[in-house]
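Raw contents of run-v1.pdb, PDB, C-alpha atoms:
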```pdb
ATOM      1  CA  MET B 115     -15.348 -79.270 -36.220  1.00  0.00           C
ATOM      2  CA  PRO B 116     -13.220 -79.004 -39.374  1.00  0.00           C
ATOM      3  CA  ALA B 117     -13.206 -81.809 -41.950  1.00  0.00           C
ATOM      4  CA  ALA B 118      -9.396 -81.922 -41.835  1.00  0.00           C
ATOM      5  CA  LEU B 119      -6.485 -80.359 -39.986  1.00  0.00           C
ATOM      6  CA  THR B 120      -2.929 -80.104 -41.295  1.00  0.00           C
ATOM      7  CA  TYR B 121       0.142 -79.677 -39.117  1.00  0.00           C
ATOM      8  CA  SER B 122       3.769 -79.160 -40.103  1.00  0.00           C
ATOM      9  CA  ASN B 123       6.996 -78.685 -38.163  1.00  0.00           C
ATOM     10  CA  VAL B 124       5.362 -79.609 -34.843  1.00  0.00           C
ATOM     11  CA  THR B 125       7.984 -79.672 -32.082  1.00  0.00           C
ATOM     12  CA  ALA B 126       5.795 -79.499 -28.952  1.00  0.00           C
ATOM     13  CA  SER B 127       2.355 -80.520 -27.699  1.00  0.00           C
ATOM     14  CA  ILE B 128      -0.568 -78.678 -29.254  1.00  0.00           C
ATOM     15  CA  THR B 129      -3.629 -78.026 -27.088  1.00  0.00           C
ATOM     16  CA  GLY B 130      -7.073 -76.578 -27.706  1.00  0.00           C
ATOM     17  CA  GLN B 131      -7.657 -78.337 -31.029  1.00  0.00           C
ATOM     18  CA  ASN B 132     -11.217 -78.929 -32.236  1.00  0.00           C
ATOM     19  CA  TYR B 133     -11.465 -82.480 -33.565  1.00  0.00           C
ATOM     20  CA  LEU B 134     -12.418 -85.990 -32.583  1.00  0.00           C
ATOM     21  CA  LEU B 135     -10.154 -88.930 -33.350  1.00  0.00           C
ATOM     22  CA  VAL B 136     -12.191 -91.780 -34.807  1.00  0.00           C
ATOM     23  CA  PRO B 137     -10.550 -95.199 -34.888  1.00  0.00           C
ATOM     24  CA  THR B 138     -10.844 -97.214 -38.066  1.00  0.00           C
ATOM     25  CA  VAL B 139     -14.326 -98.566 -38.629  1.00  0.00           C
ATOM     26  CA  ALA B 140     -13.967-102.329 -39.063  1.00  0.00           C
ATOM     27  CA  PRO B 141     -17.444-103.674 -39.823  1.00  0.00           C
ATOM     28  CA  LYS B 142     -18.245-107.372 -40.020  1.00  0.00           C
ATOM     29  CA  LEU B 143     -20.898-109.067 -42.115  1.00  0.00           C
ATOM     30  CA  ALA B 144     -23.147-111.497 -40.264  1.00  0.00           C
ATOM     31  CA  SER B 145     -26.185-113.441 -41.379  1.00  0.00           C
ATOM     32  CA  SER B 146     -28.769-115.792 -39.986  1.00  0.00           C
ATOM     33  CA  VAL B 147     -31.201-118.198 -41.593  1.00  0.00           C
ATOM     34  CA  LEU B 148     -33.967-116.778 -39.412  1.00  0.00           C
ATOM     35  CA  ASP B 149     -33.071-113.117 -39.836  1.00  0.00           C
ATOM     36  CA  ASN B 150     -31.582-110.611 -42.261  1.00  0.00           C
ATOM     37  CA  THR B 151     -27.941-110.193 -43.174  1.00  0.00           C
ATOM     38  CA  TRP B 152     -26.323-107.451 -41.099  1.00  0.00           C
ATOM     39  CA  LEU B 153     -23.350-105.120 -41.328  1.00  0.00           C
ATOM     40  CA  ILE B 154     -22.164-104.932 -37.692  1.00  0.00           C
ATOM     41  CA  TRP B 155     -19.550-102.720 -35.979  1.00  0.00           C
ATOM     42  CA  THR B 156     -18.765-101.162 -32.612  1.00  0.00           C
ATOM     43  CA  GLY B 157     -19.890 -97.555 -32.505  1.00  0.00           C
ATOM     44  CA  VAL B 158     -18.276 -94.504 -30.940  1.00  0.00           C
ATOM     45  CA  PRO B 159     -20.463 -91.904 -29.181  1.00  0.00           C
ATOM     46  CA  GLY B 160     -20.388 -88.507 -30.897  1.00  0.00           C
ATOM     47  CA  VAL B 161     -19.733 -90.009 -34.343  1.00  0.00           C
ATOM     48  CA  ALA B 162     -22.328 -90.630 -37.038  1.00  0.00           C
ATOM     49  CA  TYR B 163     -22.002 -93.532 -39.481  1.00  0.00           C
ATOM     50  CA  GLN B 164     -23.100 -93.694 -43.118  1.00  0.00           C
ATOM     51  CA  ALA B 165     -23.301 -96.935 -45.079  1.00  0.00           C
ATOM     52  CA  TYR B 166     -22.913 -96.931 -48.869  1.00  0.00           C
ATOM     53  CA  SER B 167     -23.672 -99.650 -51.410  1.00  0.00           C
ATOM     54  CA  SER B 168     -22.444-100.336 -54.924  1.00  0.00           C
ATOM     55  CA  THR B 169     -22.854-103.023 -57.543  1.00  0.00           C
ATOM     56  CA  ASN B 170     -19.697-102.061 -59.477  1.00  0.00           C
ATOM     57  CA  LEU B 171     -17.251-100.507 -56.924  1.00  0.00           C
ATOM     58  CA  ILE B 172     -17.363 -97.229 -58.898  1.00  0.00           C
ATOM     59  CA  GLU B 173     -20.793 -95.738 -58.236  1.00  0.00           C
ATOM     60  CA  TRP B 174     -21.653 -95.565 -54.527  1.00  0.00           C
ATOM     61  CA  GLU B 175     -25.085 -94.658 -53.170  1.00  0.00           C
ATOM     62  CA  PRO B 176     -25.974 -93.862 -49.555  1.00  0.00           C
ATOM     63  CA  PHE B 177     -27.595 -96.858 -47.932  1.00  0.00           C
ATOM     64  CA  GLY B 178     -30.144 -95.399 -45.542  1.00  0.00           C
ATOM     65  CA  ASP B 179     -29.578 -92.318 -43.415  1.00  0.00           C
ATOM     66  CA  PRO B 180     -26.548 -91.673 -41.189  1.00  0.00           C
ATOM     67  CA  VAL B 181     -26.989 -93.128 -37.719  1.00  0.00           C
ATOM     68  CA  PRO B 182     -25.542 -91.642 -34.524  1.00  0.00           C
ATOM     69  CA  GLY B 183     -22.897 -93.723 -32.805  1.00  0.00           C
ATOM     70  CA  THR B 184     -23.377 -95.369 -29.453  1.00  0.00           C
ATOM     71  CA  ASN B 185     -20.963 -97.168 -27.190  1.00  0.00           C
ATOM     72  CA  ALA B 186     -22.379-100.509 -28.317  1.00  0.00           C
ATOM     73  CA  LEU B 187     -22.688-102.832 -31.287  1.00  0.00           C
ATOM     74  CA  MET B 188     -24.431-101.125 -34.187  1.00  0.00           C
ATOM     75  CA  LYS B 189     -25.906-102.648 -37.330  1.00  0.00           C
ATOM     76  CA  PHE B 190     -27.513-102.020 -40.704  1.00  0.00           C
ATOM     77  CA  ALA B 191     -29.768-104.606 -42.344  1.00  0.00           C
ATOM     78  CA  VAL B 192     -28.280-105.548 -45.726  1.00  0.00           C
ATOM     79  CA  PRO B 193     -30.731-106.024 -48.597  1.00  0.00           C
ATOM     80  CA  VAL B 194     -30.522-109.383 -50.324  1.00  0.00           C
ATOM     81  CA  GLY B 195     -31.772-109.093 -53.871  1.00  0.00           C
ATOM     82  CA  ASP B 196     -31.230-110.464 -57.334  1.00  0.00           C
ATOM     83  CA  GLN B 197     -28.215-108.258 -58.152  1.00  0.00           C
ATOM     84  CA  PRO B 198     -25.107-110.298 -59.123  1.00  0.00           C
ATOM     85  CA  ALA B 199     -22.964-108.506 -56.516  1.00  0.00           C
ATOM     86  CA  LEU B 200     -23.454-105.960 -53.764  1.00  0.00           C
ATOM     87  CA  PHE B 201     -20.518-104.169 -52.159  1.00  0.00           C
ATOM     88  CA  LEU B 202     -20.785-102.206 -48.930  1.00  0.00           C
ATOM     89  CA  ARG B 203     -18.651 -99.610 -47.230  1.00  0.00           C
ATOM     90  CA  LEU B 204     -19.093 -97.788 -43.957  1.00  0.00           C
ATOM     91  CA  GLU B 205     -17.781 -94.305 -43.179  1.00  0.00           C
ATOM     92  CA  ALA B 206     -17.615 -92.285 -40.008  1.00  0.00           C
ATOM     93  CA  VAL B 207     -19.149 -88.875 -40.772  1.00  0.00           C
ATOM     94  CA  ARG B 208     -19.913 -85.826 -38.699  1.00  0.00           C
TER
END
```
This entry written out as structure tokens:
Amino acid sequence: MPAALTYSNVTASITGQNYLLVPTVAPKLASSVLDNTWLIWTGVPGVAYQAYSSTNLIEWEPFGDPVPGTNALMKFAVPVGDQPALFLRLEAVR
């Protein structure tokens, strides 16, 4: 599966293409007094997801390993530490 496909001057249907359309990943942050804080989203089978974390919005580090998508709610436990800020992003990867 290619990382990107480019089309120009398309005037008819194109068949036999090798890619998977992935809708926007819209994670939510949820927390509980009795449990961890979680990054939660609805997964898509056949897609892997990678979380990244940053304390400055410039340098991003992988947060755990990619996880394969399922047709269900998925989640990553979010570390709560003494850093002044922690930013998270989630990407669909292959």
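In this structure, atom CA of B:Thr156 sits 26.6 Å away from atom CA of B:Ile172.
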Can you tell me, as a ChimeraX atom specification, what residues are no more than 8 Å from stretch 181-189 of chain B when counting all atoms listed in the file, ignoring any on the same chain fewer than 2 positions away?
-> /B:152-164,179,191
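Closest to B:Val194 among B:Ala206, B:Leu171, B:Thr151, B:Tyr166 is B:Thr151, based on all atoms listed in the file.
The residue that comes closest to B:Leu202, out of B:Ala165, B:Gln131, B:Asn123, B:Asn170 and on the basis of all atoms listed in the file, is B:Ala165.
Proximity ranking of B:Ile128, B:Ala199, B:Val192, B:Ala118 relative to B:Thr169 places B:Ala199 first, based on all atoms listed in the file.
Atom CA of B:Val207 sits 12.3 Å away from atom CA of B:Tyr133.
Here atom CA of B:Leu119 is placed at a distance of 27.8 Å from atom CA of B:Glu173.
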